[in-house]
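Everything on this sheet refers to the single structure shown next.
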Amino acid sequence: MASVEITGLRKLYGNVMALSDITLSIPSGAFYTLLGPSGCGKTTLLRTIAGFHTQNSGQIAIDGASIEDLPAHKRDVAMVFQDYAVFPHLSVRDNVAFGLKQRKVNRTEIDTRVTEVLEVVQLGHLADRMPHELSGGQQQRVGLARAIVVRPKVLLMDEPLSNLDAKLRVDLRAELRRIQRALGITTVYVTHDQEEALAMSDIVCVMHGGIIQQAAPPLDIYLRPANRFVATFVGANNFLAVSRTAAKATLVSGGAEITPLIRYDGPVVGAMRPEDVRVLAAGTTAPEGDITVSARIREISFIGREMEIFAQTDAGEHIKAVSRPDPAIVALPENSPVTLAIRPDDLSFFVDSGDGVRVP
Amino acid sequence: MSALTRLRHMDFWTAITVLILAVLALLLILPILQVLMLGFVDADTGGFTFGNFVEVFTRNYYLNGFKNSLYVALLGTLGACLIGIPLAFFTARFVVAGQTWISTLAILVLVAPPFIGAYAWIMMLGANGFITNFFAHFGINTPTIYGAHGIVLVFTLKFFPFIYLMTQTSLNGMNKSFEDAAENLGCTPWQRFTKITLPLVFPAVSTGAIICFVLAIADFGTPAILGRGFRTLSTIAFSAYRSELGGLPTMAVTVSIVMMAMSMLALLAQRRILAKRRYASALTNPPLKQRMQGWRNVVMHLFCHGIVLIAMLPTLVVVYTSFLKTNGPVFIGGFGLESYERILRTAPDAITNSFIFALSAVVLITIFSGLISYVIVRRDTAASGAIDFLMMVPYLVPGVVIAIGYVTTFRGGPLDVIGTSGLLILLYFIRRLPYGVRSTTSSLRQIKTSMEEAAVNLGAPPARAFLIITVPLILPGLIVGALMGFITAINELSSTLILYDGGTITMPVQIYLAVLDGEFGLAGALSTVLLICTGACVYAVFRFAENRDSAFL
């Protein structure tokens with residue numbers, strides 16, 4: 001168990017800022033996920049912690065001891081790789097024992113610890129197999145066992161599930177989380193899969209353009225995104241233009257007055273999650289107190305558990321709504337007029353400039 | 001960090017990079033620069049001059065050599081294309097019985113000692129050759145093998161495997177959909193071949209052709225044995241070196257520079273043309289082989305098998321003559337092992353020297369191939385780019401040039417303590433290093449970086465991670481590289497001829513001298529020994545290489 005403190009970490013590739021003043025703090029035992037689109041710097045950050053990249057400036061400390069100038073093999077952080085990186089010329093047992101041998105642990109202890117950890121990842125019966133005899137999921141368990149057996153201060157995982165098929169990914173996800181909790185090992189996890197991030201993490205750190213956008217528990221990330229990027233990257237969001245005069249704020253489309261909802265003076269945009277938008281066929285009345293916007297159907301796709309409705313408001317904004325399938329709506333032809341209804345509480349606002357910070 | 005602590009903390013691979021650069025600077029760049037500089041030195045005064053180049057480009061003796069080199073190299077390359085491309089096309093697109101046999105023979109031709117072809121053809125078509133004598137029985141005069149056309153014939157039959165193997169690899173890797181699409185759009189089979197297939201394999205063909213051209217320009221043994229007054233730049237350089245012994249070898253060097261310039265110009269021209277033609281394609285639809293029918297099928301089989309058999313003929317003749325009964329240099333009819341007895345009596349040094357030099361060079365090649373390929377593949381620095389580039393240089397620089405460079409740089413210098421044997425080992429090492437590096441590099445490119453990262457991450461220092469994880473994983477590449485290094489080192493002639501002295505004669509030199517003396521039995525027996533070593537290595541390469549054909553290119 002160890003805490004991680006990163007201060008002012010900066011990494012340049014030529015002129016490109018891959019990591020820009022990264023400062024974060026990971027409490028001991030936390031499952032900390034770096035989430036973002038490809039190229040956002042999440043893997044660079046993980047590999048810099050591992051010592052595979054050298055930072056241009058900044059500090060990385062584990063339990064208060066700075067490690068940023070240590071060579072990679074002395075950092076005592078264990079990594080699980082996206083492509084498993086199981087040594088193909090060593091048996092499962094030898095793969096798992098590798099790190100212990102480097103640490104000059106004595107033979108009997110190696111044997112007990114390897115056997116123990118193989119039980120934890122449910123590979124005890126495959127200890128003497130060679131890696132090419134294992135499936136992808138089994139290989140990744142070897143990768144995990146090999147990393148945790150050395151009892152590292154910090155466990156690093158670089159998209160460990162992304163090469164597995166969907167079903168296995170969900171199973172292994174739960175197992176990873178269970179093992180991590182049981183061992184209480186501080187974990188930094190990199191993924192581009194928001195569902196994975198939300199499901200597994202204590203803290204999700206959303207990155208974009210080498211900058212941390214928001215680091216918070218999953219529920220906060222989803223319900224109170226810090227800015228427009230987080231609002232669109234984690235889950236989807238619809239944006240509505242807002243027109244303001246000195247005294248009054250109204251939605252451009254539909255003209256509903258929303259002055260009391262906004263606690264900010266500058267220009268803003270409104271945002272709503274697709275699942276908060278209700279689509280009402282013409283002639284249906286909206287629930288009392290809801291804000292309504294009239295729109296026309298662009299496309300409807302019925303995908304089983306739910307239907308996705310793409311509509312365009314009179315002001316031209318594209319709106320996506322998701323709800324339980326309603327035969328009356330699914331049957332609507334293109335261009336049918338509909339009313340979009342939303343509860344005022346579900347509407348959030350972002351500053352309409354720069355980074356688009358959330359209005360509290 | 002201060003410069004001093006940075007130096008103390010220099011990591012393992014930076015240190016290795018520095019070591020590699022130092023070795024290459026000393027053993028490769030320095031001798032070549034020496035040679036380049038000598039070209040501008042006046043032999044009598046020691047001052048700076050352009051006179052040597054003026055002489056090369058004004059005196060007929062040199063100008064003819066230049067024209068002759070160009071002539072035989074171009075025609076030899078053309079000949080190699082004319083038989084290599086059809087052979088590749090037939091074997092890649094049609095069902096040809098004995099395909100493995102054909103490519104094995106082609107590879108044997110490729111790796112056989114380079115000068116064997118020349119003197120074996122003398123035994124067949126020379127003044128007293130058995131084919132000449134056979135036709136003379138019926139009063140038919142066969143054309144003589146000596147002179148330009150003989151050299152062109154030998155080059156053609158010696159170098160076509162490059163074209164054949166490269167074109168075949170390219171054809172096998174071509175997405176069949178291209179050809180299907182052409183046919184679908186209304187091309188006849190011939191149009192499809194000329195408009196689609198041929199342009200798509202052009203990069204491979206031209207790469208093969210450049211290799212042929214460069215090797216033909218640098219080839220010394222063939223024109224030396226078959227020339228008879230027809231002099232090419234390489235033989236001129238060698239005799240200039242011989243006549244300048246004692247003084248500065250300025251003319252030998254100037255001629256060599258011209259040879260290098262020709263090779264480099266050819267390479268640059270090809271790169272230029274290729275730059276606009278990069279055809280990447282996924283092999284989603286691998287080509288299918290068709291079955292040819294009737295007389296065409298017979299003709300195709302005759303062509304394919306005929307070509308490789310004719311190309312193998314010199315080797316067979318050499319082995320055959322080694323078992324002929326001899327009395328001194330004279331064949332006295334019947335079979336016997338006298339020639340082998342004689343090599344054990346007169347040339348045991350040549351055999352042991354050859355093995356000691358080649359094996360020592362291979363040890364160095366293997367160690368450095370591993371380190372260099374790691375630096376090239378895994379380290380993205382200016383230094384690793386420079387090393388990658390330097391690995392092309394030994395291909396382009398004729399053996400005569402490096403050898404003269406070694407003589408002028410190291411003879412009498414501090415490195416002279418290692419003696420001629422040491423110099424020869426270092427020379428073989430540097431000249432054949434690229435074979436090892438190329439094979440190891442392609443092996444390493446298939447190993448994911450995460451392997452070494454995982455090892456380091458689990459606590460292994462970089463040097464140990466390389467030794468216990470990387471080396472076992474690239475072992476096949478290292479072995480193939482070592483074998484290729486061995487084959488090419490033990491068959492080395494041109495630079496050994498310049499460096500060797502009484503105690504350091506090697507098998508190829510001994511064969512060359514025996515041929516000049518007309519001792520064909522002795523030459524045959526020694527060549528057979530070389531062929532057996534080479535053949536054993538080829539067999540081993542087949543066992544270890546993933547793609548047996550392209551391992552030899």
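All residue names refer to the structure tokens as shown: chains lettered A, B, ... in order, residues numbered from 1 in each chain, ligands numbered from 1 in order.
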
Problem - Contact residues around B:Ala92 with only C-alpha atoms at 7 Å, ignoring same-chain residues under 5 positions, as number ranges by chain - result: B: 168, 171-172, 289

Residues of chain A at most 12 Å from chain B: nearest atom pair and distance in Å, only C-alpha atoms, as JSON lines:
```
{"residue": "A:Arg47", "atom": "CA", "partner": "B:Glu453", "partner_atom": "CA", "distance": 9.9}
{"residue": "A:Thr48", "atom": "CA", "partner": "B:Asn457", "partner_atom": "CA", "distance": 11.9}
{"residue": "A:Ile49", "atom": "CA", "partner": "B:Asn457", "partner_atom": "CA", "distance": 10.8}
{"residue": "A:Ala50", "atom": "CA", "partner": "B:Asn457", "partner_atom": "CA", "distance": 7.1}
{"residue": "A:Gly51", "atom": "CA", "partner": "B:Asn457", "partner_atom": "CA", "distance": 8.3}
{"residue": "A:Phe52", "atom": "CA", "partner": "B:Glu453", "partner_atom": "CA", "distance": 7.6}
{"residue": "A:His53", "atom": "CA", "partner": "B:Glu453", "partner_atom": "CA", "distance": 11.2}
{"residue": "A:Ser57", "atom": "CA", "partner": "B:Met1", "partner_atom": "CA", "distance": 11.9}
{"residue": "A:Asp69", "atom": "CA", "partner": "B:Met1", "partner_atom": "CA", "distance": 10.1}
{"residue": "A:Leu70", "atom": "CA", "partner": "B:His9", "partner_atom": "CA", "distance": 10.2}
{"residue": "A:Pro71", "atom": "CA", "partner": "B:Pro461", "partner_atom": "CA", "distance": 8.5}
{"residue": "A:Ala72", "atom": "CA", "partner": "B:Asn457", "partner_atom": "CA", "distance": 6.0}
{"residue": "A:His73", "atom": "CA", "partner": "B:Gly459", "partner_atom": "CA", "distance": 4.3}
{"residue": "A:Lys74", "atom": "CA", "partner": "B:Gly459", "partner_atom": "CA", "distance": 6.1}
{"residue": "A:Arg75", "atom": "CA", "partner": "B:Asn457", "partner_atom": "CA", "distance": 7.8}
{"residue": "A:Asp76", "atom": "CA", "partner": "B:Gly459", "partner_atom": "CA", "distance": 7.4}
{"residue": "A:Val77", "atom": "CA", "partner": "B:Asn457", "partner_atom": "CA", "distance": 7.0}
{"residue": "A:Ala78", "atom": "CA", "partner": "B:Asn457", "partner_atom": "CA", "distance": 6.0}
{"residue": "A:Met79", "atom": "CA", "partner": "B:Asn457", "partner_atom": "CA", "distance": 6.7}
{"residue": "A:Val80", "atom": "CA", "partner": "B:Ala454", "partner_atom": "CA", "distance": 8.1}
{"residue": "A:Phe81", "atom": "CA", "partner": "B:Ser450", "partner_atom": "CA", "distance": 7.1}
{"residue": "A:Gln82", "atom": "CA", "partner": "B:Ser450", "partner_atom": "CA", "distance": 8.8}
{"residue": "A:Asp83", "atom": "CA", "partner": "B:Ser450", "partner_atom": "CA", "distance": 7.6}
{"residue": "A:Tyr84", "atom": "CA", "partner": "B:Ser450", "partner_atom": "CA", "distance": 8.2}
{"residue": "A:Ala85", "atom": "CA", "partner": "B:Met451", "partner_atom": "CA", "distance": 5.1}
{"residue": "A:Val86", "atom": "CA", "partner": "B:Met451", "partner_atom": "CA", "distance": 7.1}
{"residue": "A:Phe87", "atom": "CA", "partner": "B:Met451", "partner_atom": "CA", "distance": 6.5}
{"residue": "A:Pro88", "atom": "CA", "partner": "B:Leu473", "partner_atom": "CA", "distance": 8.0}
{"residue": "A:His89", "atom": "CA", "partner": "B:Leu473", "partner_atom": "CA", "distance": 7.3}
{"residue": "A:Leu90", "atom": "CA", "partner": "B:Ile469", "partner_atom": "CA", "distance": 9.3}
{"residue": "A:Asn95", "atom": "CA", "partner": "B:Ala455", "partner_atom": "CA", "distance": 9.7}
{"residue": "A:Val96", "atom": "CA", "partner": "B:Leu458", "partner_atom": "CA", "distance": 9.9}
{"residue": "A:Ala97", "atom": "CA", "partner": "B:Leu458", "partner_atom": "CA", "distance": 9.9}
{"residue": "A:Phe98", "atom": "CA", "partner": "B:Leu458", "partner_atom": "CA", "distance": 7.2}
{"residue": "A:Gly99", "atom": "CA", "partner": "B:Leu458", "partner_atom": "CA", "distance": 4.6}
{"residue": "A:Leu100", "atom": "CA", "partner": "B:Leu458", "partner_atom": "CA", "distance": 8.1}
{"residue": "A:Lys101", "atom": "CA", "partner": "B:Gly459", "partner_atom": "CA", "distance": 8.9}
{"residue": "A:Gln102", "atom": "CA", "partner": "B:Gly459", "partner_atom": "CA", "distance": 5.6}
{"residue": "A:Arg103", "atom": "CA", "partner": "B:Gly459", "partner_atom": "CA", "distance": 6.8}
{"residue": "A:Lys104", "atom": "CA", "partner": "B:Gly459", "partner_atom": "CA", "distance": 10.1}
{"residue": "A:Gly143", "atom": "CA", "partner": "B:Ala454", "partner_atom": "CA", "distance": 9.2}
{"residue": "A:Leu144", "atom": "CA", "partner": "B:Ala454", "partner_atom": "CA", "distance": 11.4}
{"residue": "A:Ala145", "atom": "CA", "partner": "B:Leu458", "partner_atom": "CA", "distance": 11.8}
{"residue": "A:Arg146", "atom": "CA", "partner": "B:Leu458", "partner_atom": "CA", "distance": 8.3}
{"residue": "A:Ala147", "atom": "CA", "partner": "B:Leu458", "partner_atom": "CA", "distance": 7.3}
{"residue": "A:Ile148", "atom": "CA", "partner": "B:Leu458", "partner_atom": "CA", "distance": 10.1}
{"residue": "A:Val149", "atom": "CA", "partner": "B:Leu458", "partner_atom": "CA", "distance": 10.1}
{"residue": "A:Val150", "atom": "CA", "partner": "B:Leu458", "partner_atom": "CA", "distance": 7.8}
{"residue": "A:Arg151", "atom": "CA", "partner": "B:Leu458", "partner_atom": "CA", "distance": 10.6}
{"residue": "A:Pro152", "atom": "CA", "partner": "B:Leu458", "partner_atom": "CA", "distance": 9.2}
{"residue": "A:Val154", "atom": "CA", "partner": "B:Asn457", "partner_atom": "CA", "distance": 11.6}
{"residue": "A:Leu155", "atom": "CA", "partner": "B:Asn457", "partner_atom": "CA", "distance": 10.8}
{"residue": "A:Leu156", "atom": "CA", "partner": "B:Asn457", "partner_atom": "CA", "distance": 10.1}
{"residue": "A:Met157", "atom": "CA", "partner": "B:Ala454", "partner_atom": "CA", "distance": 11.7}
{"residue": "A:Asp158", "atom": "CA", "partner": "B:Ser450", "partner_atom": "CA", "distance": 10.9}
```

Problem - Residues of stretch 185-336 of chain B in helix (DSSP H, G or I), written as a VMD selection string - result: chain B and resid 189 to 218 221 to 226 233 to 243 250 to 275 294 to 322

Exercise for the section: Would you mind reading off the distance between atom CA of B:Ile85 and atom CA of B:Gly535, one decimal, in Å? Expected result: 25.2 Å

Exercise for the section: For each of B:Phe48, B:Phe466, B:Phe220, B:Phe130, take the minimum atom-to-atom distance to B:Arg378, counting only C-alpha atoms, then give the residue where this is smallest. Expected result: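 Result for the nearest residue to B:Arg378: B:Phe466.
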
Exercise for the section: Do a neighbour search on A:Met307 at 8 Å with only C-alpha atoms, toss out local chain neighbours closer than 4 positions, and write the hits as an MDAnalysis selection string. Expected result: chainID A and resid 300:303 322:326 330

Problem - Contacts of A:Thr284 within 12 Å, only C-alpha atoms, excl. fewer than 6 positions in-chain, as a list of chain:residue names - result: A:Arg278, A:Thr292, A:Ala328, A:Ile329, A:Pro337, A:Val338, A:Thr339, A:Leu340, A:Ala341

Written selection (N, CA and C atoms) as a PDB file, in the first residue's frame:
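So out-v3.pdb came out as:
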```
ATOM      1  N   ARG A 278     -37.187  13.572 -22.980  1.00  0.00           N
ATOM      2  CA  ARG A 278     -38.344  12.767 -23.373  1.00  0.00           C
ATOM      3  C   ARG A 278     -38.898  13.285 -24.695  1.00  0.00           C
ATOM      4  N   THR A 292     -39.982  22.726 -22.585  1.00  0.00           N
ATOM      5  CA  THR A 292     -40.252  22.047 -23.847  1.00  0.00           C
ATOM      6  C   THR A 292     -39.576  22.770 -25.005  1.00  0.00           C
ATOM      7  N   ALA A 328     -45.333   4.000 -30.778  1.00  0.00           N
ATOM      8  CA  ALA A 328     -45.909   5.187 -31.413  1.00  0.00           C
ATOM      9  C   ALA A 328     -44.804   6.103 -31.935  1.00  0.00           C
ATOM     10  N   ILE A 329     -43.707   6.182 -31.171  1.00  0.00           N
ATOM     11  CA  ILE A 329     -42.594   7.050 -31.590  1.00  0.00           C
ATOM     12  C   ILE A 329     -41.788   6.386 -32.708  1.00  0.00           C
ATOM     13  N   PRO A 337     -43.184  16.463 -36.612  1.00  0.00           N
ATOM     14  CA  PRO A 337     -42.934  17.383 -35.511  1.00  0.00           C
ATOM     15  C   PRO A 337     -43.100  16.660 -34.179  1.00  0.00           C
ATOM     16  N   VAL A 338     -42.177  16.912 -33.235  1.00  0.00           N
ATOM     17  CA  VAL A 338     -42.277  16.322 -31.892  1.00  0.00           C
ATOM     18  C   VAL A 338     -41.965  17.412 -30.880  1.00  0.00           C
ATOM     19  N   THR A 339     -42.282  17.096 -29.630  1.00  0.00           N
ATOM     20  CA  THR A 339     -41.898  18.011 -28.556  1.00  0.00           C
ATOM     21  C   THR A 339     -40.875  17.309 -27.682  1.00  0.00           C
ATOM     22  N   LEU A 340     -39.774  18.006 -27.388  1.00  0.00           N
ATOM     23  CA  LEU A 340     -38.778  17.459 -26.479  1.00  0.00           C
ATOM     24  C   LEU A 340     -39.018  18.074 -25.111  1.00  0.00           C
ATOM     25  N   ALA A 341     -39.137  17.205 -24.091  1.00  0.00           N
ATOM     26  CA  ALA A 341     -39.409  17.724 -22.751  1.00  0.00           C
ATOM     27  C   ALA A 341     -38.273  17.348 -21.819  1.00  0.00           C
TER      28      ALA A 341
END
```

Within 9 Å of stretch 12-20 of chain B, counting only C-alpha atoms, which residues qualify if same-chain residues fewer than 5 places away don't, as a short mmCIF file (atom, residue, chain, number, x, y, z; two decimals) with C-alpha atoms, in the first residue's frame?
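The resulting selection.cif:
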```cif
data_model
loop_
_atom_site.label_atom_id
_atom_site.label_comp_id
_atom_site.auth_asym_id
_atom_site.auth_seq_id
_atom_site.Cartn_x
_atom_site.Cartn_y
_atom_site.Cartn_z
CA ALA B 25 34.40 4.61 -36.79
CA PHE B 368 27.61 -7.09 -32.46
CA LEU B 371 23.67 -5.24 -29.83
CA ILE B 372 23.43 -3.24 -33.07
CA TYR B 374 18.73 -3.65 -30.53
CA VAL B 375 20.06 -0.12 -30.89
CA ARG B 379 16.39 3.25 -29.73
CA ALA B 383 23.00 7.73 -33.38
CA SER B 384 20.87 4.68 -34.07
CA ILE B 387 24.33 3.11 -37.36
CA PRO B 461 18.51 -4.14 -15.28
CA PRO B 462 18.58 -3.41 -19.05
CA ALA B 463 21.66 -5.55 -19.76
#
```

Exercise for the section: Name the closest residue to B:Ala545 among the candidates B:Leu530, B:Leu483, B:Leu63, B:Ala514; distances are taken between atoms, counting only C-alpha atoms. Expected result: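 The shortest atom-to-atom distance to B:Ala545 comes from B:Leu483.
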
Practice task
Would you mind writing down, as a PyMOL selection string, each residue of stretch 300-485 of chain B that DSSP on the backbone assigns to strand (DSSP E)?
Solution key: chain B and resi 324-327+330-335

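Excluding A:Asp314 itself and same-chain residues fewer than 3 positions from it, the residues having an atom within 8 Å of it are Ser253, Gly254, Ser294, Ala295, Arg296 and Glu317 of chain A, counting only C-alpha atoms.
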
What would the file look like if the residues just selected were written as a short mmCIF file (atom, residue, chain, number, x, y, z; two decimals), in the first residue's frame with C-alpha atoms?
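Below is the file that was written, selection_19.cif:
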```cif
data_model
loop_
_atom_site.label_atom_id
_atom_site.label_comp_id
_atom_site.auth_asym_id
_atom_site.auth_seq_id
_atom_site.Cartn_x
_atom_site.Cartn_y
_atom_site.Cartn_z
CA SER A 253 -34.94 27.08 -29.37
CA GLY A 254 -38.44 27.11 -27.85
CA SER A 294 -40.17 21.72 -30.48
CA ALA A 295 -38.21 19.71 -33.00
CA ARG A 296 -38.49 17.46 -36.05
CA GLU A 317 -29.39 21.97 -32.87
#
```

Exercise for the section: Would you list the contacts of A:Ser91 as a list in words, taking every protein, DNA or RNA residue within 8 Å and counting only C-alpha atoms, but skipping same-chain residues closer than 6 positions in sequence? Expected result: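 The contact residues come out as Ala127, Asp128, Arg129, Met130 and Pro131 of chain A.
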
Exercise for the section: Enter the distance from atom CA of A:Asp352 to atom CA of A:Gly266, in Å, rounded to one decimal. Expected result: 8.0 Å

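Between atom CA of A:Pro274 and atom CA of A:Ala166 lies a distance of 24.3 Å.
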